[in-house]
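K.L.:
The structure under discussion is supplied below as structure tokens; questions concerning it will follow.
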Amino acid sequence: MAGPKLFEPVRVGSLELANRIVVAPMCQYSAQNGCMNDWHLIHLGGLALSGAGLLTIEATAVLPEGRISYGDVGLWDGVTEAALRRTLDGVRAWSDTPIAIQLAHAGRKASHEVPWKGGQLIPSNVENGWLTEAPSATPYAPGTESPTALDKDGLRRVREAFAAAARRAARLGIDAVQLHAAHGYLLHQFLSPLANQREDEYGGSLENRLRFPLEVFDAVREAFTNGPVTIRVSGSDWAPGGWDVEQTIALAQALETRGCDAVHVSSGGLTPDQKIPVHPGYQVPLARAVKAATRLPVVAVGLITGFEQAEQIVATGDADMIALARTILYDPRWPWHAAAHLGARVRAPNQYLRCQPRAYKDLFNV
């Protein structure tokens, strides 16, 4: 009898993953001037021992002004690169789990307070705040400070910053790069007509709104030589007149011709007017639509908590992989527990082998 699909190997570009469980990028808002510290070593070190096939580092800003908050991780200079190297060295000393990094720019959703202090926009004239940048001078929420619309020099600067961060990621030996084009951040802002009000070649038609994200992808794909370059997208703005699944498919098809290695399909985040029909697996239909229209490996995410639920998503072909975020923060051994429940096997560090339950005597026999 065949084993569970969730624990079959899968290839993403040149990278072979031991199973189809991805640890999604999850912001910790705990960096200092963009630099990782001991919290990130503890956090990522624990997740690297989870048994997942791939670990993704949180949204990592390519410029200081591209951070969501003053606590965001960055990769824009030698200092932030050295801090990230220290964390990676500590994790890799004890785990061979492949590690990806999500490169990001928050655009008009930058300059926010950390979530546990309210998460509100910090005006540029207040401590820990700065003036944000976006495709257009349209604020995320009414009554908040308007961003500066990026001019051609600004577009070039951001594009080059993504490429420079990708080169730094390659120097660090990171296994894969993911571009963040979801959740209302800068690249998503260019894609959505609700945020992109430009009247030049970067705004208006779908072809024009795709232009800058595709330019950034091309620059990163050229700069990152270690392995796969993937993208995270919002499959829908969940708002009238916004970005939707049909446009997402057009983006995915354009990326496929440019050498993209996988698409991670999330949703929302572009507008406070969004109406999201939240329920378990609510984003899976978006992933299924992208998978049906391309040959790209697709990652599904969003309220995936159950072992049978995850297995069904990949076994039915709705997606090739599933990603866990809050679920794996709550249960960092979720892949172990899923393997035990589904009758699969998973790797565990030597130091933990003796914790194997008597009821699952072959669980760690990989």
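By convention here, the chains of the structure tokens are called A, B, ... in the order presented, each chain's residues are numbered starting at 1, and ligands are numbered starting at 1 in the order presented.
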From a backbone DSSP assignment, name each residue in segment 58-179 of chain A labelled helix (DSSP H, G or I), as a PyMOL selection string.

P.N.:
chain A and resi 64-66+78-92+107-109+115-117+152-171

K.L.:
Pick out the residues sitting within 8 Å of Leu324 of chain A, and hand them over as a ChimeraX atom specification; count only C-alpha atoms, and ignore anything fewer than 4 positions along from it in its own chain.

P.N.:
/A:21-24,301-302,304-305,328

K.L.:
Could you dump the residues just selected with C-alpha atoms as a short mmCIF file (atom, residue, chain, number, x, y, z; two decimals), in the first residue's frame?

P.N.:
```cif
data_model
loop_
_atom_site.label_atom_id
_atom_site.label_comp_id
_atom_site.auth_asym_id
_atom_site.auth_seq_id
_atom_site.Cartn_x
_atom_site.Cartn_y
_atom_site.Cartn_z
CA ILE A 21 5.37 20.31 4.33
CA VAL A 22 6.71 23.87 4.16
CA VAL A 23 7.25 26.14 7.14
CA ALA A 24 5.84 29.44 5.90
CA VAL A 301 -1.66 27.77 2.78
CA GLY A 302 -4.28 29.13 5.16
CA ILE A 304 -4.51 24.09 7.28
CA THR A 305 -4.41 22.44 10.69
CA ILE A 328 3.42 25.14 13.43
#
```

K.L.:
Can you tell me, as a PyMOL selection string, what residues are no more than 9 Å from Ala110 of chain A when counting only C-alpha atoms, ignoring any on the same chain fewer than 4 positions away?

P.N.:
chain A and resi 65-70+105-106+121-122+129-133+185

K.L.:
Write a file of the selected residues as an mmCIF file, in the first residue's frame, keeping N, CA, C and O atoms.

P.N.:
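Result written to out26.cif:
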```cif
data_model
loop_
_atom_site.group_PDB
_atom_site.id
_atom_site.type_symbol
_atom_site.label_atom_id
_atom_site.label_comp_id
_atom_site.auth_asym_id
_atom_site.auth_seq_id
_atom_site.Cartn_x
_atom_site.Cartn_y
_atom_site.Cartn_z
ATOM 1 N N GLU A 65 13.557 51.186 4.516
ATOM 2 C CA GLU A 65 12.208 51.733 4.402
ATOM 3 C C GLU A 65 11.196 50.704 3.911
ATOM 4 O O GLU A 65 9.993 50.959 3.888
ATOM 5 N N GLY A 66 11.680 49.515 3.548
ATOM 6 C CA GLY A 66 10.798 48.448 3.115
ATOM 7 C C GLY A 66 10.346 47.535 4.242
ATOM 8 O O GLY A 66 9.637 46.552 4.002
ATOM 9 N N ARG A 67 10.736 47.844 5.470
ATOM 10 C CA ARG A 67 10.316 47.023 6.610
ATOM 11 C C ARG A 67 8.857 47.299 6.969
ATOM 12 O O ARG A 67 8.397 48.438 6.882
ATOM 13 N N ILE A 68 8.141 46.271 7.397
ATOM 14 C CA ILE A 68 6.791 46.463 7.913
ATOM 15 C C ILE A 68 6.857 47.259 9.204
ATOM 16 O O ILE A 68 6.052 48.164 9.436
ATOM 17 N N SER A 69 7.816 46.910 10.045
ATOM 18 C CA SER A 69 7.993 47.586 11.332
ATOM 19 C C SER A 69 9.475 47.786 11.595
ATOM 20 O O SER A 69 10.328 47.213 10.908
ATOM 21 N N TYR A 70 9.763 48.554 12.620
ATOM 22 C CA TYR A 70 11.160 48.756 13.016
ATOM 23 C C TYR A 70 11.788 47.478 13.546
ATOM 24 O O TYR A 70 12.995 47.396 13.707
ATOM 25 N N HIS A 105 9.442 43.958 0.347
ATOM 26 C CA HIS A 105 9.373 45.404 0.551
ATOM 27 C C HIS A 105 7.915 45.696 0.872
ATOM 28 O O HIS A 105 7.018 45.310 0.127
ATOM 29 N N ALA A 106 7.671 46.370 1.984
ATOM 30 C CA ALA A 106 6.300 46.554 2.456
ATOM 31 C C ALA A 106 5.548 47.675 1.764
ATOM 32 O O ALA A 106 4.325 47.776 1.904
ATOM 33 N N LEU A 121 -0.141 52.247 12.035
ATOM 34 C CA LEU A 121 0.828 52.997 11.240
ATOM 35 C C LEU A 121 1.496 54.058 12.107
ATOM 36 O O LEU A 121 0.827 54.786 12.851
ATOM 37 N N ILE A 122 2.822 54.129 12.026
ATOM 38 C CA ILE A 122 3.576 55.159 12.740
ATOM 39 C C ILE A 122 3.881 56.285 11.757
ATOM 40 O O ILE A 122 4.552 56.058 10.747
ATOM 41 N N GLY A 129 9.124 55.802 13.037
ATOM 42 C CA GLY A 129 8.351 55.909 11.806
ATOM 43 C C GLY A 129 9.174 56.491 10.675
ATOM 44 O O GLY A 129 10.226 57.092 10.892
ATOM 45 N N TRP A 130 8.697 56.313 9.454
ATOM 46 C CA TRP A 130 9.359 56.880 8.283
ATOM 47 C C TRP A 130 8.334 57.046 7.168
ATOM 48 O O TRP A 130 7.238 56.472 7.205
ATOM 49 N N LEU A 131 8.688 57.831 6.154
ATOM 50 C CA LEU A 131 7.811 58.049 5.016
ATOM 51 C C LEU A 131 7.842 56.822 4.114
ATOM 52 O O LEU A 131 8.912 56.362 3.719
ATOM 53 N N THR A 132 6.684 56.297 3.797
ATOM 54 C CA THR A 132 6.608 55.075 3.004
ATOM 55 C C THR A 132 6.574 55.388 1.507
ATOM 56 O O THR A 132 6.339 56.525 1.097
ATOM 57 N N GLU A 133 6.798 54.340 0.708
ATOM 58 C CA GLU A 133 6.806 54.442 -0.750
ATOM 59 C C GLU A 133 5.828 53.423 -1.324
ATOM 60 O O GLU A 133 5.614 52.358 -0.734
ATOM 61 N N TYR A 185 1.672 44.049 0.237
ATOM 62 C CA TYR A 185 2.970 44.703 0.257
ATOM 63 C C TYR A 185 3.350 45.179 -1.147
ATOM 64 O O TYR A 185 2.558 45.068 -2.076
#
```

K.L.:
At a cut-off of 8 Å, using only C-alpha atoms, what residues contact segment 201-212 of chain A? Leave out same-chain residues fewer than 5 positions from it and give the result as a ChimeraX atom specification.

P.N.:
/A:155,187,190-193,196,247,251

K.L.:
Would you mind listing what lies within 9 Å of Ala359 of chain A as a list in words, with only C-alpha atoms counted and same-chain residues fewer than 3 positions away left out?

P.N.:
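Once the adjacent positions are removed, what remains is Ala340, Gln356 and Asp362 of chain A.
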
K.L.:
Just to be explicit: take each residue in the selection above, keep N, CA, C and O atoms, and write the result as a PDB file, in the first residue's frame.

P.N.:
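Result written to part.pdb:
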```pdb
ATOM      1  N   ALA A 340       2.983  10.319  12.283  1.00  0.00           N
ATOM      2  CA  ALA A 340       2.471   9.257  13.151  1.00  0.00           C
ATOM      3  C   ALA A 340       1.019   8.939  12.813  1.00  0.00           C
ATOM      4  O   ALA A 340       0.626   7.771  12.698  1.00  0.00           O
ATOM      5  N   GLN A 356      10.687   8.641  20.752  1.00  0.00           N
ATOM      6  CA  GLN A 356       9.734   7.994  19.846  1.00  0.00           C
ATOM      7  C   GLN A 356       8.705   7.196  20.657  1.00  0.00           C
ATOM      8  O   GLN A 356       9.072   6.324  21.453  1.00  0.00           O
ATOM      9  N   ASP A 362       8.354   2.801  14.321  1.00  0.00           N
ATOM     10  CA  ASP A 362       9.135   3.090  13.116  1.00  0.00           C
ATOM     11  C   ASP A 362       9.050   4.546  12.677  1.00  0.00           C
ATOM     12  O   ASP A 362       9.473   4.891  11.582  1.00  0.00           O
TER      13      ASP A 362
END
```

K.L.:
Would you kindly return, as a PyMOL selection string, each protein, DNA or RNA residue with an atom no farther than 7 Å from any atom of Arg168 of chain A, considering only C-alpha atoms and excluding same-chain residues fewer than 4 positions away?

P.N.:
chain A and resi 81+164+172

K.L.:
Just to be explicit: take each residue in the selection above, keep N, CA, C and O atoms, and write the result as a compact mmCIF listing (two decimals), in the first residue's frame.

P.N.:
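Done, and the output landed in part.txt:
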```
# COMPACT_ATOMS: atom_id res chain seq x y z
N GLU A 81 23.65 41.24 6.85
CA GLU A 81 24.09 39.96 6.30
C GLU A 81 24.88 39.16 7.34
O GLU A 81 24.66 37.95 7.50
N ALA A 164 20.36 42.86 -5.06
CA ALA A 164 21.49 42.86 -4.13
C ALA A 164 21.22 41.93 -2.96
O ALA A 164 22.11 41.19 -2.50
N LEU A 172 25.25 33.62 1.47
CA LEU A 172 24.96 32.97 2.74
C LEU A 172 24.65 31.48 2.57
O LEU A 172 24.47 30.77 3.56
```

K.L.:
For Gly74 of chain A, work out the shell of residues within 7 Å, counting only C-alpha atoms and skipping chain neighbours fewer than 5 positions away, then give it as a PyMOL selection string.

P.N.:
chain A and resi 34-35+60-62+80

K.L.:
Produce a file of the selected residues containing C-alpha atoms, as a compact mmCIF listing (two decimals), in the first residue's frame.

P.N.:
```txt
# COMPACT_ATOMS: atom_id res chain seq x y z
CA GLY A 34 17.36 44.84 10.63
CA CYS A 35 19.71 42.45 12.42
CA THR A 60 13.25 40.08 4.98
CA ALA A 61 13.36 43.69 3.88
CA VAL A 62 15.62 44.62 0.97
CA THR A 80 22.45 42.67 8.40
```

K.L.:
Pull the closest atom pair for each residue of segment 243-318 of chain A that gets at most 12 Å from segment 332-337 of chain A, along with the distance in Å to one decimal, counting only C-alpha atoms, ordering rows by chain and then ascending residue number, as a Markdown table.

P.N.:
```
| residue | atom | partner | partner_atom | distance |
| --- | --- | --- | --- | --- |
| A:Ile304 | CA | A:Trp334 | CA | 11.3 |
| A:Thr305 | CA | A:Trp334 | CA | 8.9 |
| A:Gly306 | CA | A:Trp334 | CA | 9.5 |
| A:Phe307 | CA | A:His337 | CA | 8.2 |
| A:Glu308 | CA | A:His337 | CA | 11.5 |
| A:Ala310 | CA | A:Pro335 | CA | 10.6 |
| A:Glu311 | CA | A:Pro335 | CA | 11.6 |
```

K.L.:
Could you tell me which of A:Arg345, A:Lys117, A:Arg326, A:His40 comes closest to Asp89 of chain A if we count only C-alpha atoms?

P.N.:
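Closest to Asp89 of chain A of all the choices is A:His40.
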
K.L.:
For atom CA of Arg156 of chain A and atom CA of Gly107 of chain A, quote the distance in Å rounded to one decimal.

P.N.:
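Computing it gives 14.5 Å between the two atoms.
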
K.L.:
Any chance you could list, as a list of chain:residue names, the residues in segment 10-147 of chain A that come up strand (DSSP E) when DSSP is run on the backbone?

P.N.:
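Checking each residue of segment 10-147 of chain A, the strand (DSSP E) ones are A:Val10, A:Arg11, A:Val12, A:Leu15, A:Glu16, A:Leu17, A:Ile21, A:Val22, A:Val23, A:Leu54, A:Leu55, A:Thr56, A:Ile57, A:Glu58, A:Ala59, A:Thr60, A:Ala61, A:Ile99, A:Ala100, A:Ile101, A:Gln102, A:Leu103, A:Ala104, A:Glu133, A:Ala134.
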
K.L.:
Go through A:Gly71, A:Arg198, A:Ala82, A:Phe162 and flag the residue nearest Asn33 of chain A, using only C-alpha atoms for the distances.

P.N.:
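Among A:Gly71, A:Arg198, A:Ala82, A:Phe162, it is A:Gly71 that comes nearest to Asn33 of chain A.
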
K.L.:
What does the structure give for the distance between atom CA of Glu16 of chain A and atom CA of Ala262 of chain A, in Å to one decimal?

P.N.:
12.9 Å

K.L.:
Kindly give the distance, in Å, that separates atom CA of Ala289 of chain A and atom CA of Val245 of chain A, rounded to a single decimal.

P.N.:
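Computed distance, atom CA of Ala289 of chain A to atom CA of Val245 of chain A, equals 7.5 Å.
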
K.L.:
Determine the nearest neighbour of Asn350 of chain A from the options A:Gly281, A:Glu58, A:Asn365, A:Gly259, counting only C-alpha atoms.

P.N.:
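Of A:Gly281, A:Glu58, A:Asn365, A:Gly259, the one nearest Asn350 of chain A is A:Asn365, counting only C-alpha atoms.
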